[in-house]
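Student: Input upload-v3.csv, format and content: CSV, C-alpha atoms.
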```
chain,number,residue,atom,x,y,z
A,1,MET,CA,0.0,0.0,0.0
A,2,SER,CA,1.4,3.4,-0.9
A,3,ALA,CA,0.2,6.9,0.0
A,4,GLU,CA,-0.3,9.5,-2.6
A,5,SER,CA,-1.0,13.0,-1.3
A,6,LEU,CA,-3.0,15.6,-3.2
A,7,SER,CA,-1.3,18.3,-1.2
A,8,GLY,CA,1.6,17.7,1.2
A,9,PRO,CA,2.7,14.4,2.8
A,10,ALA,CA,0.4,11.7,3.9
A,11,ASN,CA,-0.6,11.6,7.6
A,12,ALA,CA,2.0,10.2,9.9
A,13,PRO,CA,1.4,7.0,11.9
A,14,ALA,CA,-0.1,7.2,15.3
A,15,ALA,CA,2.3,7.0,18.3
A,16,GLN,CA,1.2,3.4,19.1
A,17,GLY,CA,1.7,2.2,15.5
A,18,LYS,CA,-1.9,2.6,14.4
A,19,ARG,CA,-2.2,4.4,11.1
A,20,THR,CA,-4.6,7.3,11.5
A,21,TYR,CA,-6.0,9.6,8.9
A,22,ARG,CA,-7.3,13.1,8.9
A,23,ALA,CA,-9.1,12.8,5.6
A,24,ASP,CA,-8.1,10.0,3.2
A,25,LEU,CA,-9.4,8.3,0.1
A,26,ARG,CA,-8.5,4.7,-0.1
A,27,VAL,CA,-8.5,3.5,-3.7
A,28,ASP,CA,-8.8,-0.2,-4.3
A,29,VAL,CA,-7.0,-0.9,-7.5
A,30,GLU,CA,-8.0,-4.5,-7.5
A,31,ALA,CA,-11.6,-3.4,-7.6
A,32,ILE,CA,-10.9,-1.2,-10.6
A,33,ARG,CA,-9.1,-4.1,-12.4
A,34,HIS,CA,-12.1,-6.3,-11.6
A,35,ASN,CA,-14.6,-3.7,-12.9
A,36,VAL,CA,-12.7,-3.2,-16.2
A,37,ALA,CA,-12.4,-6.9,-16.7
A,38,VAL,CA,-16.2,-7.2,-16.3
A,39,LEU,CA,-17.0,-4.3,-18.6
A,40,SER,CA,-14.4,-5.2,-21.3
A,41,GLY,CA,-15.8,-8.7,-21.2
A,42,HIS,CA,-19.2,-7.4,-22.1
A,43,ALA,CA,-17.7,-5.4,-24.9
A,44,ARG,CA,-15.6,-8.3,-26.3
A,45,ARG,CA,-18.7,-10.4,-26.6
A,46,SER,CA,-20.1,-7.8,-29.0
A,47,GLY,CA,-16.9,-7.5,-30.9
A,48,ALA,CA,-16.1,-4.1,-29.4
A,49,ARG,CA,-13.0,-2.6,-27.8
A,50,THR,CA,-13.0,-0.6,-24.6
A,51,MET,CA,-12.1,3.0,-23.9
A,52,ALA,CA,-11.6,3.6,-20.1
A,53,VAL,CA,-12.7,7.2,-19.3
A,54,VAL,CA,-10.3,8.7,-16.7
A,55,LYS,CA,-11.3,12.3,-16.9
A,56,SER,CA,-11.5,14.5,-13.7
A,57,ASP,CA,-8.5,12.8,-12.3
A,58,GLY,CA,-10.0,9.4,-12.8
A,59,TYR,CA,-13.4,10.5,-11.3
A,60,GLY,CA,-11.4,11.4,-8.2
A,61,HIS,CA,-9.5,8.1,-7.9
A,62,GLY,CA,-6.2,9.2,-9.6
A,63,ALA,CA,-6.0,9.2,-13.4
A,64,VAL,CA,-2.6,7.6,-13.8
A,65,THR,CA,-3.3,4.9,-11.3
A,66,VAL,CA,-6.7,4.1,-12.9
A,67,ALA,CA,-5.3,4.3,-16.5
A,68,ARG,CA,-2.6,1.8,-15.8
A,69,ALA,CA,-5.0,-0.6,-14.0
A,70,ALA,CA,-7.5,-0.3,-16.8
A,71,LEU,CA,-5.0,-1.1,-19.5
A,72,GLU,CA,-3.8,-4.1,-17.5
A,73,SER,CA,-7.3,-5.4,-17.3
A,74,GLY,CA,-8.9,-5.2,-20.7
A,75,ALA,CA,-9.1,-1.6,-21.8
A,76,ASP,CA,-7.5,-0.7,-25.2
A,77,TRP,CA,-8.0,3.0,-25.1
A,78,LEU,CA,-8.2,5.9,-22.7
A,79,GLY,CA,-10.5,9.0,-22.7
A,80,VAL,CA,-10.2,12.4,-21.0
A,81,ALA,CA,-11.9,15.7,-21.3
A,82,SER,CA,-9.0,18.2,-21.3
A,83,LEU,CA,-5.7,18.6,-23.0
A,84,ASP,CA,-3.9,19.0,-19.7
A,85,GLU,CA,-5.4,15.6,-18.6
A,86,ALA,CA,-4.1,14.0,-21.8
A,87,LEU,CA,-0.7,15.4,-21.6
A,88,ARG,CA,-0.3,14.4,-17.9
A,89,LEU,CA,-1.0,10.8,-18.9
A,90,ARG,CA,1.6,11.0,-21.7
A,91,ALA,CA,4.1,12.6,-19.2
A,92,ALA,CA,3.5,9.6,-16.9
A,93,GLY,CA,4.7,7.3,-19.7
A,94,ILE,CA,1.3,6.0,-20.9
A,95,THR,CA,1.5,5.4,-24.6
A,96,SER,CA,-1.9,3.8,-25.3
A,97,PRO,CA,-4.4,5.3,-27.7
A,98,LEU,CA,-5.9,8.3,-25.9
A,99,LEU,CA,-8.8,10.5,-26.9
A,100,CYS,CA,-9.4,14.1,-25.7
A,101,TRP,CA,-12.6,15.8,-26.5
A,102,LEU,CA,-13.4,19.1,-24.8
A,103,PHE,CA,-11.5,22.3,-25.4
A,104,ALA,CA,-11.6,26.0,-24.4
A,105,HIS,CA,-11.7,28.5,-27.2
A,106,GLY,CA,-8.3,29.1,-28.8
A,107,GLU,CA,-6.4,26.2,-27.2
A,108,ASP,CA,-3.2,25.2,-28.9
A,109,PHE,CA,-3.4,21.6,-30.1
A,110,THR,CA,0.3,21.4,-31.1
A,111,PRO,CA,1.6,19.7,-28.0
A,112,ALA,CA,-1.3,17.1,-28.1
A,113,VAL,CA,-0.7,16.3,-31.7
A,114,ALA,CA,3.1,16.0,-31.1
A,115,ALA,CA,2.3,13.6,-28.2
A,116,GLY,CA,0.0,11.4,-30.3
A,117,VAL,CA,-3.2,12.4,-28.5
A,118,GLN,CA,-6.3,11.7,-30.6
A,119,LEU,CA,-8.6,14.8,-30.7
A,120,SER,CA,-12.3,15.2,-31.1
A,121,ALA,CA,-13.7,17.7,-33.6
A,122,SER,CA,-17.2,19.0,-33.2
A,123,SER,CA,-16.9,22.1,-35.5
A,124,MET,CA,-15.1,23.4,-38.5
A,125,ALA,CA,-13.1,25.6,-36.1
A,126,ASP,CA,-11.9,22.6,-34.2
A,127,LEU,CA,-11.0,20.8,-37.4
A,128,GLN,CA,-9.1,23.7,-38.8
A,129,ALA,CA,-7.2,24.2,-35.6
A,130,ILE,CA,-6.2,20.5,-35.4
A,131,ALA,CA,-5.1,20.5,-39.0
A,132,ALA,CA,-3.0,23.6,-38.4
A,133,ALA,CA,-1.3,21.9,-35.4
A,134,ALA,CA,-0.6,18.9,-37.6
A,135,GLY,CA,1.0,21.2,-40.2
A,136,ARG,CA,3.2,22.7,-37.5
A,137,THR,CA,4.3,19.4,-36.1
A,138,GLY,CA,4.7,17.5,-39.4
A,139,ARG,CA,2.6,14.7,-37.8
A,140,THR,CA,-0.7,13.4,-39.0
A,141,ALA,CA,-3.4,14.2,-36.4
A,142,ALA,CA,-5.8,11.5,-35.4
A,143,VAL,CA,-9.4,12.8,-35.2
A,144,HIS,CA,-12.7,11.6,-33.9
A,145,LEU,CA,-15.6,13.5,-35.5
A,146,LYS,CA,-18.4,14.1,-33.0
A,147,ILE,CA,-22.0,14.4,-34.1
A,148,ASP,CA,-24.7,15.8,-31.8
A,149,THR,CA,-27.4,13.2,-32.0
A,150,GLY,CA,-29.7,14.7,-29.4
A,151,MET,CA,-27.7,15.4,-26.3
A,152,GLY,CA,-27.7,19.2,-27.1
A,153,ARG,CA,-24.2,19.7,-25.7
A,154,ASN,CA,-20.9,19.3,-27.5
A,155,GLY,CA,-21.0,17.8,-31.0
A,156,CYS,CA,-21.7,19.0,-34.5
A,157,PRO,CA,-25.4,19.8,-35.3
A,158,GLU,CA,-26.8,17.4,-37.9
A,159,HIS,CA,-27.4,20.2,-40.4
A,160,LEU,CA,-23.7,21.1,-40.3
A,161,TRP,CA,-22.4,17.6,-40.4
A,162,PRO,CA,-22.1,17.2,-44.2
A,163,ALA,CA,-19.7,20.2,-44.4
A,164,LEU,CA,-17.6,18.9,-41.5
A,165,VAL,CA,-17.3,15.5,-43.0
A,166,GLU,CA,-16.4,16.9,-46.4
A,167,ALA,CA,-13.7,19.1,-44.8
A,168,ALA,CA,-12.4,16.2,-42.8
A,169,ALA,CA,-12.2,14.0,-45.9
A,170,LYS,CA,-10.2,16.7,-47.7
A,171,ALA,CA,-7.8,17.2,-44.8
A,172,GLN,CA,-7.3,13.4,-44.7
A,173,SER,CA,-6.6,13.3,-48.4
A,174,ASP,CA,-4.0,16.1,-47.8
A,175,GLY,CA,-2.3,14.0,-45.2
A,176,LEU,CA,-3.0,16.3,-42.3
A,177,LEU,CA,-5.6,14.2,-40.5
A,178,GLU,CA,-6.7,10.6,-40.1
A,179,VAL,CA,-10.4,10.3,-39.3
A,180,VAL,CA,-10.3,7.5,-36.7
A,181,ALA,CA,-13.9,7.5,-35.6
A,182,VAL,CA,-17.3,9.0,-35.6
A,183,TRP,CA,-18.8,9.3,-32.2
A,184,SER,CA,-21.6,10.7,-30.1
A,185,HIS,CA,-23.0,10.6,-26.5
A,186,LEU,CA,-26.4,9.4,-25.2
A,187,ALA,CA,-28.5,11.7,-23.1
A,188,CYS,CA,-30.8,9.1,-21.3
A,189,ALA,CA,-28.9,5.8,-21.4
A,190,ASP,CA,-29.4,5.5,-17.6
A,191,ASP,CA,-33.1,5.2,-18.3
A,192,PRO,CA,-33.0,2.1,-20.6
A,193,GLY,CA,-36.5,2.4,-21.9
A,194,HIS,CA,-36.3,6.1,-22.9
A,195,ALA,CA,-37.4,6.7,-26.5
A,196,SER,CA,-34.5,9.1,-27.1
A,197,ILE,CA,-32.0,6.3,-27.1
A,198,ASP,CA,-33.3,4.7,-30.3
A,199,ALA,CA,-33.7,8.1,-31.8
A,200,GLN,CA,-30.1,9.0,-31.1
A,201,ALA,CA,-29.0,5.6,-32.4
A,202,GLU,CA,-30.7,6.3,-35.7
A,203,ALA,CA,-29.2,9.8,-36.0
A,204,PHE,CA,-25.8,8.2,-35.3
A,205,ARG,CA,-26.2,5.7,-38.0
A,206,ARG,CA,-27.1,8.4,-40.5
A,207,ALA,CA,-24.0,10.4,-39.5
A,208,HIS,CA,-21.8,7.4,-39.9
A,209,ASP,CA,-23.3,6.5,-43.3
A,210,LEU,CA,-22.6,10.0,-44.5
A,211,ALA,CA,-19.0,9.7,-43.4
A,212,ALA,CA,-18.6,6.4,-45.1
A,213,GLY,CA,-20.2,7.8,-48.2
A,214,ALA,CA,-17.5,10.5,-48.2
A,215,GLY,CA,-14.8,7.8,-48.5
A,216,LEU,CA,-13.9,7.7,-44.8
A,217,ASN,CA,-13.7,4.4,-42.8
A,218,PRO,CA,-14.2,5.5,-39.2
A,219,LEU,CA,-14.9,3.4,-36.1
A,220,ARG,CA,-18.1,4.1,-34.3
A,221,HIS,CA,-18.6,4.7,-30.6
A,222,ILE,CA,-21.6,6.0,-28.6
A,223,ALA,CA,-22.1,3.6,-25.6
A,224,ASN,CA,-21.3,5.0,-22.2
A,225,SER,CA,-21.4,2.9,-19.0
A,226,ALA,CA,-25.2,2.5,-19.0
A,227,ALA,CA,-25.5,1.6,-22.6
A,228,LEU,CA,-22.6,-0.8,-22.3
A,229,LEU,CA,-24.5,-2.6,-19.6
A,230,THR,CA,-28.0,-2.5,-21.2
A,231,ARG,CA,-27.7,-2.0,-25.0
A,232,PRO,CA,-25.2,-4.4,-26.6
A,233,ASP,CA,-26.6,-3.4,-30.0
A,234,LEU,CA,-25.0,0.0,-29.4
A,235,HIS,CA,-21.6,-1.3,-28.6
A,236,PHE,CA,-20.5,-0.9,-32.2
A,237,ASP,CA,-16.7,-0.8,-32.4
A,238,LEU,CA,-15.7,0.8,-29.1
A,239,VAL,CA,-17.4,1.4,-25.8
A,240,ARG,CA,-16.6,4.2,-23.3
A,241,PRO,CA,-17.3,3.1,-19.7
A,242,GLY,CA,-16.7,5.9,-17.1
A,243,ILE,CA,-18.5,5.7,-13.8
A,244,ALA,CA,-18.8,1.9,-13.9
A,245,ILE,CA,-15.0,1.5,-13.9
A,246,TYR,CA,-15.1,2.9,-10.4
A,247,GLY,CA,-17.7,0.4,-9.3
A,248,LEU,CA,-20.6,2.7,-9.2
A,249,ASP,CA,-23.6,1.3,-11.2
A,250,PRO,CA,-25.4,3.8,-13.5
A,251,VAL,CA,-28.4,1.4,-13.8
A,252,PRO,CA,-28.7,-0.5,-10.5
A,253,GLU,CA,-32.4,-1.1,-11.1
A,254,HIS,CA,-31.4,-3.2,-14.1
A,255,GLY,CA,-29.8,-5.9,-11.9
A,256,ASP,CA,-26.5,-6.6,-10.2
A,257,HIS,CA,-23.7,-6.1,-12.7
A,258,GLY,CA,-21.0,-7.4,-10.3
A,259,LEU,CA,-19.2,-4.1,-9.9
A,260,ARG,CA,-17.1,-3.2,-6.8
A,261,PRO,CA,-16.9,0.4,-5.6
A,262,ALA,CA,-13.2,1.3,-5.5
A,263,MET,CA,-13.2,4.4,-3.2
A,264,THR,CA,-13.4,4.5,0.6
A,265,PHE,CA,-13.4,7.9,2.4
A,266,ARG,CA,-12.1,7.6,5.9
A,267,SER,CA,-10.8,9.6,8.8
A,268,SER,CA,-10.0,8.9,12.5
A,269,VAL,CA,-11.4,9.9,15.9
A,270,ALA,CA,-9.5,13.0,17.0
A,271,LEU,CA,-11.1,13.5,20.4
A,272,THR,CA,-13.6,11.8,22.6
A,273,LYS,CA,-15.7,13.3,25.4
A,274,ARG,CA,-18.8,12.7,27.5
A,275,VAL,CA,-21.5,15.3,27.6
A,276,ALA,CA,-24.3,15.7,30.1
A,277,GLY,CA,-28.0,15.5,29.1
A,278,GLY,CA,-29.2,18.9,27.9
A,279,GLU,CA,-25.9,19.9,26.3
A,280,GLY,CA,-26.0,21.1,22.6
A,281,VAL,CA,-23.6,20.1,19.9
A,282,SER,CA,-22.2,22.2,17.0
A,283,TYR,CA,-23.5,25.4,15.4
A,284,GLY,CA,-27.0,26.4,16.2
A,285,HIS,CA,-27.4,23.6,18.8
A,286,THR,CA,-29.6,21.7,16.3
A,287,TRP,CA,-28.9,18.5,18.3
A,288,ILE,CA,-29.1,18.4,22.1
A,289,ALA,CA,-28.1,15.3,24.1
A,290,GLU,CA,-31.2,13.7,25.8
A,291,ARG,CA,-29.0,12.0,28.4
A,292,PRO,CA,-25.3,11.7,29.3
A,293,SER,CA,-23.5,10.4,26.1
A,294,ASN,CA,-20.1,9.7,24.6
A,295,LEU,CA,-19.2,11.7,21.5
A,296,ALA,CA,-16.4,11.3,19.0
A,297,LEU,CA,-14.9,14.3,17.2
A,298,VAL,CA,-13.8,13.5,13.6
A,299,PRO,CA,-11.6,16.1,11.9
A,300,VAL,CA,-13.3,16.3,8.5
A,301,GLY,CA,-16.0,18.7,7.2
A,302,TYR,CA,-17.4,20.4,4.2
A,303,ALA,CA,-13.9,21.7,3.2
A,304,ASP,CA,-13.0,18.0,2.9
A,305,GLY,CA,-16.0,16.9,0.9
A,306,VAL,CA,-18.6,16.1,3.5
A,307,PRO,CA,-21.7,18.1,2.4
A,308,ARG,CA,-23.1,20.4,5.0
A,309,ALA,CA,-26.5,19.4,3.7
A,310,LEU,CA,-26.0,15.9,5.2
A,311,SER,CA,-26.2,17.4,8.7
A,312,GLY,CA,-28.7,15.4,10.7
A,313,GLN,CA,-29.1,12.7,8.1
A,314,MET,CA,-25.7,10.9,7.9
A,315,SER,CA,-23.9,8.2,9.8
A,316,VAL,CA,-20.4,6.8,9.8
A,317,TRP,CA,-18.9,3.4,10.4
A,318,LEU,CA,-17.0,3.3,13.7
A,319,ARG,CA,-16.1,0.4,15.9
A,320,GLY,CA,-18.0,-2.2,14.0
A,321,ARG,CA,-21.3,-0.4,13.5
A,322,ARG,CA,-23.0,2.7,12.0
A,323,ARG,CA,-23.3,5.7,14.3
A,324,PRO,CA,-25.1,8.9,13.6
A,325,VAL,CA,-23.4,12.2,13.0
A,326,VAL,CA,-25.1,14.8,15.3
A,327,GLY,CA,-25.3,18.5,15.0
A,328,ARG,CA,-24.2,20.5,11.9
A,329,VAL,CA,-21.3,19.4,9.7
A,330,CYS,CA,-18.7,22.1,10.1
A,331,MET,CA,-16.0,23.2,7.7
A,332,ASP,CA,-13.3,21.1,9.4
A,333,GLN,CA,-15.1,18.7,11.8
A,334,LEU,CA,-18.2,16.7,12.7
A,335,VAL,CA,-19.4,14.9,15.8
A,336,VAL,CA,-20.5,11.3,16.1
A,337,PHE,CA,-22.9,10.1,18.8
A,338,CYS,CA,-21.7,6.9,20.5
A,339,GLY,CA,-24.2,6.6,23.4
A,340,ASP,CA,-22.6,4.6,26.2
A,341,ASP,CA,-20.2,2.8,23.9
A,342,THR,CA,-16.5,3.4,24.3
A,343,VAL,CA,-14.5,4.6,21.3
A,344,ALA,CA,-10.8,5.6,21.3
A,345,GLU,CA,-8.9,8.5,19.8
A,346,GLY,CA,-7.3,7.1,16.6
A,347,ASP,CA,-10.1,4.7,15.8
A,348,GLU,CA,-10.8,4.6,12.1
A,349,VAL,CA,-14.0,6.3,10.9
A,350,VAL,CA,-15.4,5.3,7.5
A,351,LEU,CA,-17.6,8.0,6.0
A,352,PHE,CA,-18.4,6.0,2.9
A,353,GLY,CA,-17.1,2.8,1.3
A,354,PRO,CA,-18.1,-0.2,-0.8
A,355,GLY,CA,-20.9,-1.1,1.7
A,356,ASP,CA,-19.6,-4.6,2.3
A,357,ARG,CA,-19.7,-4.2,6.1
A,358,GLY,CA,-22.8,-2.1,6.2
A,359,GLU,CA,-21.0,1.2,6.0
A,360,PRO,CA,-22.5,4.1,4.2
A,361,THR,CA,-21.8,4.3,0.4
A,362,ALA,CA,-21.3,7.1,-2.1
A,363,ALA,CA,-24.6,6.1,-3.7
A,364,GLU,CA,-26.4,6.5,-0.3
A,365,TRP,CA,-24.9,10.0,0.1
A,366,ALA,CA,-26.1,10.9,-3.4
A,367,GLU,CA,-29.6,9.6,-2.8
A,368,ARG,CA,-29.9,11.7,0.4
A,369,LEU,CA,-28.6,14.8,-1.4
A,370,GLY,CA,-30.8,14.3,-4.5
A,371,THR,CA,-27.8,14.0,-6.8
A,372,ILE,CA,-25.8,11.3,-8.4
A,373,HIS,CA,-22.8,9.3,-7.1
A,374,TYR,CA,-20.6,10.7,-9.9
A,375,GLU,CA,-20.8,14.1,-8.1
A,376,ILE,CA,-19.8,12.6,-4.8
A,377,VAL,CA,-16.6,10.8,-5.8
A,378,THR,CA,-15.4,13.4,-8.3
A,379,GLY,CA,-16.0,16.1,-5.6
A,380,MET,CA,-13.5,14.4,-3.3
A,381,TYR,CA,-10.5,15.9,-5.1
A,382,ARG,CA,-9.7,18.4,-2.3
A,383,PRO,CA,-6.4,20.0,-1.1
A,384,ARG,CA,-6.5,18.5,2.4
A,385,VAL,CA,-7.5,15.0,1.3
A,386,THR,CA,-4.8,12.4,0.9
A,387,ARG,CA,-5.1,9.4,-1.3
A,388,THR,CA,-3.9,5.9,-0.4
A,389,ILE,CA,-3.6,3.4,-3.2
A,390,ALA,CA,-4.2,-0.2,-2.2
A,391,GLY,CA,-3.4,-3.2,-4.3
A,392,ASN,CA,-1.2,-1.3,-6.8
```
Show me, as structure tokens, the structure contained in the file I just sent.

Tutor:
Amino acid sequence: MSAESLSGPANAPAAQGKRTYRADLRVDVEAIRHNVAVLSGHARRSGARTMAVVKSDGYGHGAVTVARAALESGADWLGVASLDEALRLRAAGITSPLLCWLFAHGEDFTPAVAAGVQLSASSMADLQAIAAAAGRTGRTAAVHLKIDTGMGRNGCPEHLWPALVEAAAKAQSDGLLEVVAVWSHLACADDPGHASIDAQAEAFRRAHDLAAGAGLNPLRHIANSAALLTRPDLHFDLVRPGIAIYGLDPVPEHGDHGLRPAMTFRSSVALTKRVAGGEGVSYGHTWIAERPSNLALVPVGYADGVPRALSGQMSVWLRGRRRPVVGRVCMDQLVVFCGDDTVAEGDEVVLFGPGDRGEPTAAEWAERLGTIHYEIVTGMYRPRVTRTIAGN
């Protein structure tokens, strides 16, 4: 097990040899390997390859760590959102096919083309800028043309698609570009019965047919995690699992897909105390002890990724059971009710984990907050939070 700090050194061991944590993310690399093997197995049965999406620092799990584990376990490709993310992977020595797809206006593609990063083009401006970068480097740029089939975000509108394809075919014939793929993104794949999925699939087929008619021979990819698990007919040549790599199921109502959550958020008891009945805890005294009680102070708060909105509705795993957090979650600390049970300073506190022991999970946090588990894990990338890699 190794410790990887997001800012500064990992926490030092406790005086008695017990490892304590202020705020730490334990990333289970074996779980990531398992998940990628499961997902790439689904893809292979359809004849598709697998692109592991490691954007947003691997959804908070560590992009380089996840990328290496994914490539060892069945992924053929990697995907990121930003040029900086792509170049960091290349700087770490990762040489696999790598797609980058979202850019700020006026970004310079030259370093990415020089590093062999494949680039998405959603507009004529993107295509021209990538071609110019290829001309500067003397290297053919690999391009994925993105069609907006109904997501309404990034991607070329259907009425502008013929011109983009024509320009891409010309740039390819000039030796500036190679059109590797045509791709798109599904808006409602996490709702497997939604009518938009088939409508988008049909728009995608039209876009690919037009590209093929222009003399291009691109791969096709549209399936995200949810479509990978529920729509094998949309696997085409390449699938792009993201959240499922990290063990968080985008369609849990569709059955157990055998995924294992890879992230555990943990801390340690910093202080214990006994309070009398009638004493209030934390800001506003929203919780008052009904009787003499033992409390445990945990040195994490909303600055470390514990949403203040969970005040009064969250629990932690401490000394073999769930225990409620009482009073308001503060910037740097929270308080756990222990009743008459004895806990000790330095005891591990699990705020969320895989759920195997009965501890809270990221999905449970998301449900209580009215959001999605994607937001929980990616939001854990914080300056004071260390990251411990297990099974690397």

Student: In Å, with one decimal, what is the gap from atom CA of Ala169 of chain A to atom CA of Thr140 of chain A?

Tutor: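 Atom CA of Thr140 of chain A lies 13.4 Å from atom CA of Ala169 of chain A.
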
Student: In Å to one decimal, how far is atom CA of Gly301 of chain A from atom CA of Ser268 of chain A?

Tutor: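 Rounded to one decimal, the two atoms are 12.7 Å apart.
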
Student: Go ahead and compute the interatomic distance for atom CA of Leu127 of chain A and atom CA of Asp57 of chain A, in Å to one decimal.

Tutor: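 Atom-to-atom, atom CA of Leu127 of chain A and atom CA of Asp57 of chain A are spaced 26.5 Å apart.
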
Student: Show me as a ChimeraX atom specification the residues that reach within 10 Å of (-0.5, 5.8, -10.7), counting all atoms listed in the file and using the file's own coordinates.

Tutor: /A:4,29,61-69,89,92,389,392

Student: Since we have the selection now, will you write its residues out, keeping C-alpha atoms, as an mmCIF file, in the coordinates of the input?

Tutor:
```cif
data_model
loop_
_atom_site.group_PDB
_atom_site.id
_atom_site.type_symbol
_atom_site.label_atom_id
_atom_site.label_comp_id
_atom_site.auth_asym_id
_atom_site.auth_seq_id
_atom_site.Cartn_x
_atom_site.Cartn_y
_atom_site.Cartn_z
ATOM 1 C CA GLU A 4 -0.300 9.500 -2.600
ATOM 2 C CA VAL A 29 -7.000 -0.900 -7.500
ATOM 3 C CA HIS A 61 -9.500 8.100 -7.900
ATOM 4 C CA GLY A 62 -6.200 9.200 -9.600
ATOM 5 C CA ALA A 63 -6.000 9.200 -13.400
ATOM 6 C CA VAL A 64 -2.600 7.600 -13.800
ATOM 7 C CA THR A 65 -3.300 4.900 -11.300
ATOM 8 C CA VAL A 66 -6.700 4.100 -12.900
ATOM 9 C CA ALA A 67 -5.300 4.300 -16.500
ATOM 10 C CA ARG A 68 -2.600 1.800 -15.800
ATOM 11 C CA ALA A 69 -5.000 -0.600 -14.000
ATOM 12 C CA LEU A 89 -1.000 10.800 -18.900
ATOM 13 C CA ALA A 92 3.500 9.600 -16.900
ATOM 14 C CA ILE A 389 -3.600 3.400 -3.200
ATOM 15 C CA ASN A 392 -1.200 -1.300 -6.800
#
```

Student: Which protein, DNA or RNA residues are at most 8 Å from (-13.7, 7.9, 11.4) in the file's coordinates when you count all atoms listed in the file, listed as an MDAnalysis selection string?

Tutor: chainID A and resid 266:269 298 316:318 347:351

Student: In terms of the shortest atom-to-atom distance over all atoms listed in the file, which of A:Arg322, A:His144, A:His235, A:Arg22 is closest to Asn217 of chain A?

Tutor: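 Between A:Arg322, A:His144, A:His235, A:Arg22, the residue approaching Asn217 of chain A most closely is A:His144.
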
Student: Between A:Ser173, A:Gln313, A:Asn224, A:Thr95, which has the minimum distance to Val336 of chain A (counting all atoms listed in the file)?

Tutor: A:Gln313

Student: Calculated over all atoms listed in the file, which of the candidates A:Leu39, A:Leu297, A:Ala115, A:Ala23 has the smallest distance to Gly93 of chain A?

Tutor: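 Under the stated criterion, the closest residue is A:Ala115.
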
Student: If you count only C-alpha atoms, which residues fall within 9 Å of Pro250 of chain A, apart from same-chain ones fewer than 6 positions away, as an MDAnalysis selection string?

Tutor: chainID A and resid 189:190 225:226 229 243:244 373

Student: Quick one: residues within 9 Å of His42 of chain A, only C-alpha atoms, excluding same-chain residues fewer than 3 positions away - as an MDAnalysis selection string?

Tutor: chainID A and resid 37:39 45:46 48 228:229 232

Student: Kindly export the residues of the current selection with C-alpha atoms, as a PDB file, in the coordinates of the input.

Tutor:
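Below is the file that was written, result-v1.pdb:
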```pdb
ATOM      1  CA  ALA A  37     -12.400  -6.900 -16.700  1.00  0.00           C
ATOM      2  CA  VAL A  38     -16.200  -7.200 -16.300  1.00  0.00           C
ATOM      3  CA  LEU A  39     -17.000  -4.300 -18.600  1.00  0.00           C
ATOM      4  CA  ARG A  45     -18.700 -10.400 -26.600  1.00  0.00           C
ATOM      5  CA  SER A  46     -20.100  -7.800 -29.000  1.00  0.00           C
ATOM      6  CA  ALA A  48     -16.100  -4.100 -29.400  1.00  0.00           C
ATOM      7  CA  LEU A 228     -22.600  -0.800 -22.300  1.00  0.00           C
ATOM      8  CA  LEU A 229     -24.500  -2.600 -19.600  1.00  0.00           C
ATOM      9  CA  PRO A 232     -25.200  -4.400 -26.600  1.00  0.00           C
TER      10      PRO A 232
END
```

Student: Smallest atom-to-atom distance to Gly58 of chain A: which of A:Leu238, A:Ala86, A:Val306, A:Ile288, using all atoms listed in the file?

Tutor: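 Under the stated criterion, the closest residue is A:Ala86.
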
Student: Here is a test: counting all atoms listed in the file, which residue of A:Ala187, A:Ala114, A:Val329, A:Leu98 is nearest to Thr286 of chain A?

Tutor: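 Nearest candidate to Thr286 of chain A out of A:Ala187, A:Ala114, A:Val329, A:Leu98: A:Val329.
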
Student: Ranking A:Thr342, A:Ser311, A:Thr386, A:Thr264 by minimum distance to Gly284 of chain A and counting only C-alpha atoms, which one comes first?

Tutor: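 Ranking A:Thr342, A:Ser311, A:Thr386, A:Thr264 by distance to Gly284 of chain A, first place goes to A:Ser311.
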
Student: Mind checking which residues fall within 6 Å of Pro261 of chain A, counting all atoms listed in the file, ignoring those fewer than 3 positions away in the same chain, and posting them as a PDB file with C-alpha atoms, in the frame of the given file?

Tutor:
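Written output follows (part_32.pdb):
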```pdb
ATOM      1  CA  TYR A 246     -15.100   2.900 -10.400  1.00  0.00           C
ATOM      2  CA  GLY A 247     -17.700   0.400  -9.300  1.00  0.00           C
ATOM      3  CA  LEU A 248     -20.600   2.700  -9.200  1.00  0.00           C
ATOM      4  CA  PRO A 354     -18.100  -0.200  -0.800  1.00  0.00           C
TER       5      PRO A 354
END
```

Student: Could you name the residues that touch Cys330 of chain A at 8 Å or less, counting all atoms listed in the file, but leaving out those on the same chain fewer than 5 positions away, as a ChimeraX atom specification?

Tutor: /A:282-283,301-302,308

Student: Extract, using all atoms listed in the file, all DNA, RNA and protein residues at most 6 Å from Val377 of chain A, discarding same-chain residues fewer than 3 positions from it, and format them as a ChimeraX atom specification.

Tutor: /A:60,374,380
